[in-house]
>>> print(open('run38.csv').read())   # CSV, C-alpha atoms
chain,number,residue,atom,x,y,z
A,275,MET,CA,91.6,143.4,79.4
A,276,PHE,CA,88.3,141.7,78.5
A,277,THR,CA,87.6,138.0,79.1
A,278,HIS,CA,84.5,136.2,78.0
A,279,ALA,CA,83.7,132.6,78.8
A,280,LYS,CA,80.5,130.8,77.9
A,281,MET,CA,79.7,127.3,79.3
A,282,VAL,CA,76.9,125.0,78.6
A,283,ILE,CA,76.8,122.2,81.2
A,284,PRO,CA,74.5,119.3,82.0
A,285,ALA,CA,72.1,120.1,84.8
A,286,ASP,CA,74.3,118.2,87.3
A,287,THR,CA,76.2,119.6,90.2
A,288,SER,CA,79.2,117.4,89.5
A,289,HIS,CA,80.3,120.0,86.9
A,290,LEU,CA,80.5,122.8,89.5
A,291,ALA,CA,84.2,122.3,90.2
A,292,PHE,CA,84.9,122.7,86.5
A,293,VAL,CA,82.9,125.9,86.3
A,294,ARG,CA,84.6,127.3,89.4
A,295,THR,CA,88.0,126.7,87.8
A,296,VAL,CA,87.0,128.5,84.5
A,297,VAL,CA,85.5,131.5,86.4
A,298,SER,CA,88.4,131.8,88.7
A,299,GLU,CA,91.0,131.5,86.0
A,300,ALA,CA,89.1,134.0,83.8
A,301,ALA,CA,89.0,136.5,86.7
A,302,ALA,CA,92.7,135.9,87.6
A,303,LEU,CA,93.7,136.9,84.1
A,304,ASN,CA,92.6,140.4,85.1
A,305,THR,CA,94.8,141.6,87.9
A,306,VAL,CA,92.3,144.1,89.2
A,307,PHE,CA,90.5,141.3,91.0
A,308,ASP,CA,92.0,140.1,94.3
A,309,GLU,CA,91.7,136.7,95.9
A,310,GLU,CA,88.6,137.5,97.8
A,311,HIS,CA,86.7,138.9,94.8
A,312,ILE,CA,87.6,135.8,92.8
A,313,TYR,CA,86.4,133.6,95.7
A,314,ASP,CA,83.1,135.5,95.8
A,315,LEU,CA,82.6,135.0,92.1
A,316,THR,CA,83.1,131.3,92.4
A,317,LEU,CA,80.7,131.1,95.3
A,318,MET,CA,78.1,133.2,93.5
A,319,VAL,CA,78.3,131.0,90.4
A,320,THR,CA,78.1,127.9,92.5
A,321,GLU,CA,75.0,129.0,94.3
A,322,ALA,CA,73.2,130.1,91.1
A,323,ILE,CA,74.0,126.8,89.3
A,324,THR,CA,73.0,124.8,92.4
A,325,ASN,CA,69.6,126.5,92.2
A,326,ALA,CA,69.4,126.0,88.4
A,327,VAL,CA,70.1,122.3,88.7
A,328,LYS,CA,67.5,122.0,91.4
A,329,ALA,CA,65.0,123.7,89.2
A,330,HIS,CA,65.7,121.3,86.3
A,331,LYS,CA,65.4,118.3,88.6
A,332,GLU,CA,62.1,119.5,90.1
A,333,ALA,CA,60.7,120.0,86.6
A,334,ALA,CA,62.3,116.8,85.2
A,335,ILE,CA,64.0,118.8,82.5
A,336,SER,CA,67.1,117.4,80.8
A,337,ALA,CA,68.2,120.6,79.1
A,338,PRO,CA,71.6,122.0,80.0
A,339,VAL,CA,72.3,125.1,82.1
A,340,GLU,CA,74.1,128.0,80.4
A,341,ILE,CA,76.6,130.2,82.1
A,342,GLU,CA,78.3,133.4,80.8
A,343,CYS,CA,81.2,135.1,82.5
A,344,ARG,CA,82.5,138.5,81.4
A,345,ILE,CA,85.4,140.1,83.1
A,346,THR,CA,86.6,143.6,82.4
A,347,ASP,CA,88.8,146.1,84.2
A,348,LYS,CA,85.7,147.6,85.8
A,349,GLN,CA,83.5,144.6,86.7
A,350,ALA,CA,82.9,140.8,86.6
A,351,SER,CA,79.5,139.7,85.5
A,352,LEU,CA,77.9,136.3,85.6
A,353,VAL,CA,74.7,135.2,83.9
A,354,ILE,CA,73.2,131.8,84.7
A,355,HIS,CA,70.2,130.7,82.7
A,356,ASP,CA,68.1,127.6,83.4
A,357,ARG,CA,65.0,126.2,81.7
A,358,GLY,CA,63.1,125.4,84.9
A,359,THR,CA,59.5,126.4,85.6
A,360,GLY,CA,60.5,129.7,87.4
A,361,PHE,CA,59.8,131.1,90.8
A,362,ASP,CA,58.8,134.3,92.5
A,363,PRO,CA,62.0,135.8,94.1
A,364,ASN,CA,59.8,137.6,96.6
A,365,THR,CA,58.8,134.3,98.2
A,366,ILE,CA,62.3,133.4,99.3
A,367,PRO,CA,62.2,133.2,103.1
A,368,LYS,CA,64.4,135.5,105.1
A,369,LEU,CA,66.8,134.1,107.7
A,370,PRO,CA,65.7,134.6,111.4
A,371,PRO,CA,68.0,136.8,113.5
A,372,VAL,CA,71.2,135.1,114.6
A,373,GLU,CA,70.3,135.3,118.3
A,374,SER,CA,67.0,133.4,117.6
A,375,PRO,CA,66.9,129.7,118.4
A,376,GLU,CA,65.1,129.3,115.1
A,377,ARG,CA,68.4,130.2,113.4
A,378,LEU,CA,69.6,126.6,113.9
A,379,ASN,CA,66.6,125.3,111.9
A,380,HIS,CA,68.0,126.8,108.7
A,381,GLU,CA,70.4,124.3,107.2
A,382,SER,CA,69.4,125.2,103.7
A,383,GLY,CA,68.0,128.2,101.9
A,384,LEU,CA,71.0,130.4,102.4
A,385,GLY,CA,72.2,130.4,98.8
A,386,PHE,CA,70.0,133.1,97.3
A,387,ALA,CA,70.7,135.4,100.3
A,388,LEU,CA,74.4,134.9,100.0
A,389,MET,CA,74.3,135.8,96.3
A,390,GLU,CA,72.5,139.0,97.1
A,391,MET,CA,74.9,139.9,99.9
A,392,LEU,CA,78.0,139.2,97.9
A,393,ALA,CA,77.0,140.8,94.5
A,394,ASP,CA,77.1,144.5,93.9
A,395,LYS,CA,74.2,144.0,91.6
A,396,ALA,CA,71.9,141.0,91.5
A,397,GLU,CA,68.9,140.6,89.2
A,398,VAL,CA,66.5,137.7,88.7
A,399,ARG,CA,64.2,137.3,85.8
A,400,SER,CA,62.0,134.3,86.2
A,401,GLY,CA,59.0,133.0,84.3
A,402,PRO,CA,57.5,129.7,83.2
A,403,ASP,CA,60.2,129.2,80.6
A,404,GLY,CA,63.1,129.5,83.0
A,405,THR,CA,65.1,131.8,85.2
A,406,GLU,CA,68.0,134.1,84.4
A,407,VAL,CA,70.2,135.2,87.3
A,408,SER,CA,72.6,138.2,86.6
A,409,LEU,CA,75.3,138.9,89.1
A,410,VAL,CA,77.8,141.8,89.0
A,411,LEU,CA,80.8,142.4,91.1
A,412,TYR,CA,82.6,145.7,90.6
A,413,ALA,CA,86.4,145.7,90.5
A,414,PRO,CA,87.9,147.1,93.7
A,415,THR,CA,88.9,150.7,93.5
A,416,ARG,CA,92.6,151.3,93.6
A,417,GLU,CA,94.3,154.0,95.5
A,418,PRO,CA,95.7,156.8,93.2
B,228,MET,CA,84.2,114.1,94.8
B,229,ASN,CA,86.9,116.4,96.1
B,230,ILE,CA,86.6,115.7,99.8
B,231,SER,CA,88.2,113.7,102.6
B,232,ILE,CA,87.2,113.3,106.2
B,233,SER,CA,89.5,112.0,109.0
B,234,CYS,CA,88.6,111.4,112.7
B,235,GLN,CA,90.8,111.7,115.8
B,236,GLU,CA,89.8,111.2,119.4
B,237,ILE,CA,91.3,113.7,122.0
B,238,SER,CA,89.1,112.8,124.9
B,239,PRO,CA,86.4,114.0,125.4
B,240,TRP,CA,86.6,115.6,122.0
B,241,THR,CA,86.2,114.0,118.6
B,242,VAL,CA,88.0,116.0,116.0
B,243,LEU,CA,86.6,115.7,112.4
B,244,LYS,CA,89.0,117.1,109.9
B,245,VAL,CA,87.5,117.9,106.5
B,246,SER,CA,89.8,118.6,103.5
B,247,GLY,CA,88.8,119.7,100.0
B,248,ASP,CA,85.6,121.4,98.8
B,249,LEU,CA,82.6,121.5,101.3
B,250,ASP,CA,79.9,122.1,98.8
B,251,VAL,CA,76.6,120.7,97.4
B,252,GLU,CA,78.5,117.7,96.1
B,253,SER,CA,80.3,116.7,99.3
B,254,SER,CA,78.0,118.1,102.0
B,255,PRO,CA,75.9,114.9,102.3
B,256,GLU,CA,79.1,112.9,103.1
B,257,VAL,CA,80.2,115.4,105.8
B,258,ARG,CA,76.7,115.5,107.3
B,259,GLN,CA,76.6,111.7,107.4
B,260,ALA,CA,80.0,111.6,109.1
B,261,VAL,CA,78.8,113.9,111.9
B,262,ILE,CA,75.5,112.0,112.3
B,263,ALA,CA,77.5,108.7,112.6
B,264,GLU,CA,79.8,110.2,115.3
B,265,VAL,CA,76.8,111.5,117.2
B,266,ALA,CA,75.0,108.2,116.9
B,267,SER,CA,78.0,106.4,118.3
B,268,GLY,CA,78.0,108.6,121.4
B,269,ALA,CA,80.2,111.6,120.5
B,270,ARG,CA,78.9,114.8,122.2
B,271,TRP,CA,81.9,117.1,122.0
B,272,ILE,CA,83.0,117.6,118.4
B,273,ILE,CA,85.6,119.9,116.9
B,274,LEU,CA,85.1,120.4,113.2
B,275,ASP,CA,88.5,121.2,111.6
B,276,LEU,CA,88.0,123.2,108.4
B,277,SER,CA,91.6,124.5,108.1
B,278,ASN,CA,92.2,122.3,105.0
B,279,VAL,CA,88.9,123.2,103.3
B,280,GLN,CA,89.4,125.1,99.9
B,281,PHE,CA,85.8,126.0,99.2
B,282,VAL,CA,82.5,126.3,101.1
B,283,ASP,CA,79.1,127.0,99.7
B,284,SER,CA,75.8,127.7,101.5
B,285,LEU,CA,75.1,124.0,101.8
B,286,GLY,CA,78.4,123.4,103.4
B,287,ILE,CA,77.5,126.1,105.9
B,288,GLY,CA,74.2,124.4,106.3
B,289,VAL,CA,76.0,121.2,107.3
B,290,VAL,CA,77.8,123.1,110.1
B,291,VAL,CA,74.6,124.6,111.4
B,292,GLY,CA,72.8,121.3,111.2
B,293,ALA,CA,75.6,119.5,113.1
B,294,LEU,CA,75.7,122.2,115.8
B,295,LYS,CA,71.9,121.8,116.2
B,296,ARG,CA,72.1,118.0,116.5
B,297,ILE,CA,74.9,118.0,119.0
B,298,ARG,CA,73.4,120.7,121.2
B,299,GLN,CA,70.0,118.9,121.2
B,300,ARG,CA,71.9,116.0,122.9
B,301,GLY,CA,73.6,118.2,125.5
B,302,GLY,CA,76.9,118.5,123.8
B,303,ASP,CA,78.7,121.2,121.8
B,304,MET,CA,80.6,121.7,118.6
B,305,ARG,CA,83.5,124.0,118.0
B,306,LEU,CA,85.3,125.1,114.8
B,307,ILE,CA,88.8,125.4,113.5
B,308,ARG,CA,88.5,128.2,111.0
B,309,PRO,CA,89.2,127.8,107.3
B,310,GLU,CA,91.4,130.4,105.6
B,311,SER,CA,90.2,134.0,105.8
B,312,ARG,CA,88.6,134.4,102.4
B,313,ILE,CA,86.3,131.5,103.3
B,314,TRP,CA,85.8,132.5,106.9
B,315,ARG,CA,84.4,135.8,105.6
B,316,ILE,CA,81.4,133.9,104.3
B,317,PHE,CA,80.9,132.3,107.7
B,318,GLU,CA,80.9,135.7,109.2
B,319,ILE,CA,78.4,137.0,106.6
B,320,CYS,CA,76.1,134.1,107.7
B,321,ALA,CA,76.8,135.0,111.4
B,322,ILE,CA,78.2,131.5,112.2
B,323,ASN,CA,80.9,133.3,114.3
B,324,LYS,CA,78.1,134.4,116.6
B,325,ILE,CA,76.6,131.0,117.4
B,326,MET,CA,79.7,128.9,118.1
B,327,LEU,CA,83.2,129.0,119.5
B,328,TYR,CA,86.0,129.0,116.9
B,329,SER,CA,89.8,129.4,116.7
B,330,ASP,CA,92.7,128.8,114.4
B,331,ASN,CA,94.4,126.7,117.0
B,332,ILE,CA,93.0,123.4,118.3
B,333,ASP,CA,94.5,123.9,121.8
B,334,ASP,CA,92.3,126.9,122.3
B,335,LEU,CA,89.3,124.8,121.6
B,336,LEU,CA,90.3,121.8,123.6
B,337,TYR,CA,91.0,123.6,126.8
B,338,ASP,CA,88.6,126.5,126.7
B,339,SER,CA,85.7,125.6,128.9
>>> encode(input="run38.csv", output="structure tokens")
Amino acid sequence: MFTHAKMVIPADTSHLAFVRTVVSEAAALNTVFDEEHIYDLTLMVTEAITNAVKAHKEAAISAPVEIECRITDKQASLVIHDRGTGFDPNTIPKLPPVESPERLNHESGLGFALMEMLADKAEVRSGPDGTEVSLVLYAPTREP
Amino acid sequence: MNISISCQEISPWTVLKVSGDLDVESSPEVRQAVIAEVASGARWIILDLSNVQFVDSLGIGVVVGALKRIRQRGGDMRLIRPESRIWRIFEICAINKIMLYSDNIDDLLYDS
């Protein structure tokens, strides 16, 4: 089964719940994805859109954010495209070790790391005209 | 906003129960609720996330920030876990290694 959903939303996090509903319903149509995979998809799309909205606000851009969700028997893929001024993915700070007292100073900045940890494949293309985040989650392999 | 917060005193503990989505939209409200409790003297807080349906990185940031504020004042915070698909995310962020948690409030009230 192939499901494709494309959403164009205002750069505002108040639309996140709607996007999560669309993504989770699209993934649930394909029975290869279990509850945990569907949750991970909704979390990844939330983190990517949160970053996109922030990029638009920082650049005072009123353009919408575009989201594409494709679900097949083999994988679920998300593409989130913003029109912000871009960033260098290599400059994202890494979290200190959990045993470090510094760890409690990190209330934010976890989003990108979470996306990378959850996705089987994560790609970021960023430039002065915007950022495109592509995230892929492979379908769980079934026992023969 | 899809969130509600209730507060219950079980001395010396203050139990804050959060229901709904703990995300970028609602995290300021939850953060403010914790700050208000700490400002009014609460030092021992149990954050009950058993009715939470979704948590993002900013929601986890609220938990980390609350823990930091309370420990800076000589207190502590404990967690009633959300459902397993959400708790996995807390484990990925290693929250399970920096605070006490349980599925059962009695474990947290009486574990010194």
>>> residues_around(input="run38.csv", residues="segment 392-394 of chain A", least_positions_apart="2", cutoff="7 Å", atoms="only C-alpha atoms", output="PyMOL selection string")
chain A and resi 314+388-390+396+409-412
>>> residues_around(input="run38.csv", residues="Val245 of chain B", least_positions_apart="3", cutoff="10 Å", atoms="all atoms listed in the file", output="list in words")
Ile230, Ser231, Ile232, Ser233, Cys234, Val242, Asp248, Leu249, Val257, Leu274, Asp275, Leu276, Ser277, Asn278, Val279 and Gln280 of chain B
>>> closest_residue(input="run38.csv", among="B:Val291, B:Pro309, B:Ile297, B:Asp334", to="Ile322 of chain B", atoms="all atoms listed in the file")
B:Val291
>>> atom_distance(input="run38.csv", atom1="atom CA of Thr277 of chain A", atom2="atom CA of Thr316 of chain A")
15.6 Å
>>> interface_residues(input="run38.csv", of="chain B", to="chain A", cutoff="7 Å", atoms="only C-alpha atoms", output="list in words")
Glu252, Asp283, Ser284, Leu285, Gly288, Val289, Val291, Gly292, Lys295, Arg312 and Ala321 of chain B
>>> residues_around(input="run38.csv", residues="segment 348-364 of chain A", least_positions_apart="3", cutoff="6 Å", atoms="only C-alpha atoms", output="list in words")
Ala326, Ala329, His330, Val339, Glu340, Ile341, Glu342, Cys343, Arg344, Ile345, Ser400, Gly401, Pro402, Asp403, Gly404, Thr405, Glu406, Val407, Ser408, Leu409, Val410, Leu411, Tyr412 and Ala413 of chain A
>>> atom_distance(input="run38.csv", atom1="atom CA of Ser311 of chain B", atom2="atom CA of Tyr328 of chain B")
12.9 Å
>>> atom_distance(input="run38.csv", atom1="atom CA of Ile273 of chain B", atom2="atom CA of Met304 of chain B")
5.6 Å
>>> residues_around(input="run38.csv", residues="Ile272 of chain B", least_positions_apart="4", cutoff="12 Å", atoms="only C-alpha atoms", output="short mmCIF file (atom, residue, chain, number, x, y, z; two decimals) with C-alpha atoms, in the coordinates of the input")
data_model
loop_
_atom_site.label_atom_id
_atom_site.label_comp_id
_atom_site.auth_asym_id
_atom_site.auth_seq_id
_atom_site.Cartn_x
_atom_site.Cartn_y
_atom_site.Cartn_z
CA CYS B 234 88.60 111.40 112.70
CA GLN B 235 90.80 111.70 115.80
CA GLU B 236 89.80 111.20 119.40
CA ILE B 237 91.30 113.70 122.00
CA SER B 238 89.10 112.80 124.90
CA PRO B 239 86.40 114.00 125.40
CA TRP B 240 86.60 115.60 122.00
CA THR B 241 86.20 114.00 118.60
CA VAL B 242 88.00 116.00 116.00
CA LEU B 243 86.60 115.70 112.40
CA LYS B 244 89.00 117.10 109.90
CA ALA B 260 80.00 111.60 109.10
CA VAL B 261 78.80 113.90 111.90
CA ILE B 262 75.50 112.00 112.30
CA ALA B 263 77.50 108.70 112.60
CA GLU B 264 79.80 110.20 115.30
CA VAL B 265 76.80 111.50 117.20
CA GLY B 268 78.00 108.60 121.40
CA VAL B 290 77.80 123.10 110.10
CA ALA B 293 75.60 119.50 113.10
CA LEU B 294 75.70 122.20 115.80
CA ARG B 296 72.10 118.00 116.50
CA ILE B 297 74.90 118.00 119.00
CA ARG B 298 73.40 120.70 121.20
CA GLY B 301 73.60 118.20 125.50
CA GLY B 302 76.90 118.50 123.80
CA ASP B 303 78.70 121.20 121.80
CA MET B 304 80.60 121.70 118.60
CA ARG B 305 83.50 124.00 118.00
CA LEU B 306 85.30 125.10 114.80
CA ILE B 307 88.80 125.40 113.50
CA MET B 326 79.70 128.90 118.10
CA LEU B 327 83.20 129.00 119.50
CA TYR B 328 86.00 129.00 116.90
CA ILE B 332 93.00 123.40 118.30
CA LEU B 335 89.30 124.80 121.60
CA LEU B 336 90.30 121.80 123.60
#
>>> closest_residue(input="run38.csv", among="B:Phe281, B:Gln299, B:Glu318, B:Ser329", to="Leu315 of chain A", atoms="only C-alpha atoms")
B:Phe281
>>> build_atoms(input="run38.csv", residues="segment 274-290 of chain B", atoms="N, CA, C and O atoms", output="short mmCIF file (atom, residue, chain, number, x, y, z; two decimals), in the coordinates of the input")
data_model
loop_
_atom_site.label_atom_id
_atom_site.label_comp_id
_atom_site.auth_asym_id
_atom_site.auth_seq_id
_atom_site.Cartn_x
_atom_site.Cartn_y
_atom_site.Cartn_z
N LEU B 274 85.10 120.53 114.61
CA LEU B 274 85.10 120.40 113.20
C LEU B 274 86.27 121.25 112.63
O LEU B 274 86.27 122.48 112.76
N ASP B 275 87.26 120.55 112.09
CA ASP B 275 88.50 121.20 111.60
C ASP B 275 88.33 121.52 110.12
O ASP B 275 88.38 120.60 109.29
N LEU B 276 88.16 122.80 109.80
CA LEU B 276 88.00 123.20 108.40
C LEU B 276 89.24 123.89 107.85
O LEU B 276 89.18 124.56 106.82
N SER B 277 90.37 123.72 108.55
CA SER B 277 91.60 124.50 108.10
C SER B 277 92.11 124.01 106.77
O SER B 277 92.86 124.76 106.13
N ASN B 278 91.73 122.82 106.32
CA ASN B 278 92.20 122.30 105.00
C ASN B 278 91.10 122.42 103.93
O ASN B 278 91.24 121.81 102.88
N VAL B 279 90.02 123.13 104.25
CA VAL B 279 88.90 123.20 103.30
C VAL B 279 89.26 124.36 102.28
O VAL B 279 89.74 125.43 102.66
N GLN B 280 89.04 124.09 101.00
CA GLN B 280 89.40 125.10 99.90
C GLN B 280 88.21 125.87 99.46
O GLN B 280 88.38 126.92 98.84
N PHE B 281 87.02 125.35 99.71
CA PHE B 281 85.80 126.00 99.20
C PHE B 281 84.63 125.62 100.07
O PHE B 281 84.51 124.45 100.43
N VAL B 282 83.77 126.58 100.40
CA VAL B 282 82.50 126.30 101.10
C VAL B 282 81.38 127.03 100.48
O VAL B 282 81.51 128.23 100.22
N ASP B 283 80.29 126.34 100.22
CA ASP B 283 79.10 127.00 99.70
C ASP B 283 78.02 127.05 100.80
O ASP B 283 78.25 126.63 101.94
N SER B 284 76.84 127.52 100.44
CA SER B 284 75.80 127.70 101.50
C SER B 284 75.35 126.32 102.03
O SER B 284 74.98 126.23 103.20
N LEU B 285 75.43 125.27 101.22
CA LEU B 285 75.10 124.00 101.80
C LEU B 285 76.11 123.43 102.72
O LEU B 285 75.80 122.72 103.68
N GLY B 286 77.37 123.79 102.47
CA GLY B 286 78.40 123.40 103.40
C GLY B 286 78.22 124.15 104.74
O GLY B 286 78.38 123.55 105.81
N ILE B 287 77.84 125.41 104.68
CA ILE B 287 77.50 126.10 105.90
C ILE B 287 76.32 125.52 106.59
O ILE B 287 76.27 125.40 107.82
N GLY B 288 75.36 125.08 105.79
CA GLY B 288 74.20 124.40 106.30
C GLY B 288 74.55 123.13 107.09
O GLY B 288 73.94 122.80 108.11
N VAL B 289 75.57 122.42 106.62
CA VAL B 289 76.00 121.20 107.30
C VAL B 289 76.55 121.58 108.71
O VAL B 289 76.28 120.89 109.70
N VAL B 290 77.31 122.67 108.78
CA VAL B 290 77.80 123.10 110.10
C VAL B 290 76.70 123.47 111.03
O VAL B 290 76.68 123.06 112.19
#
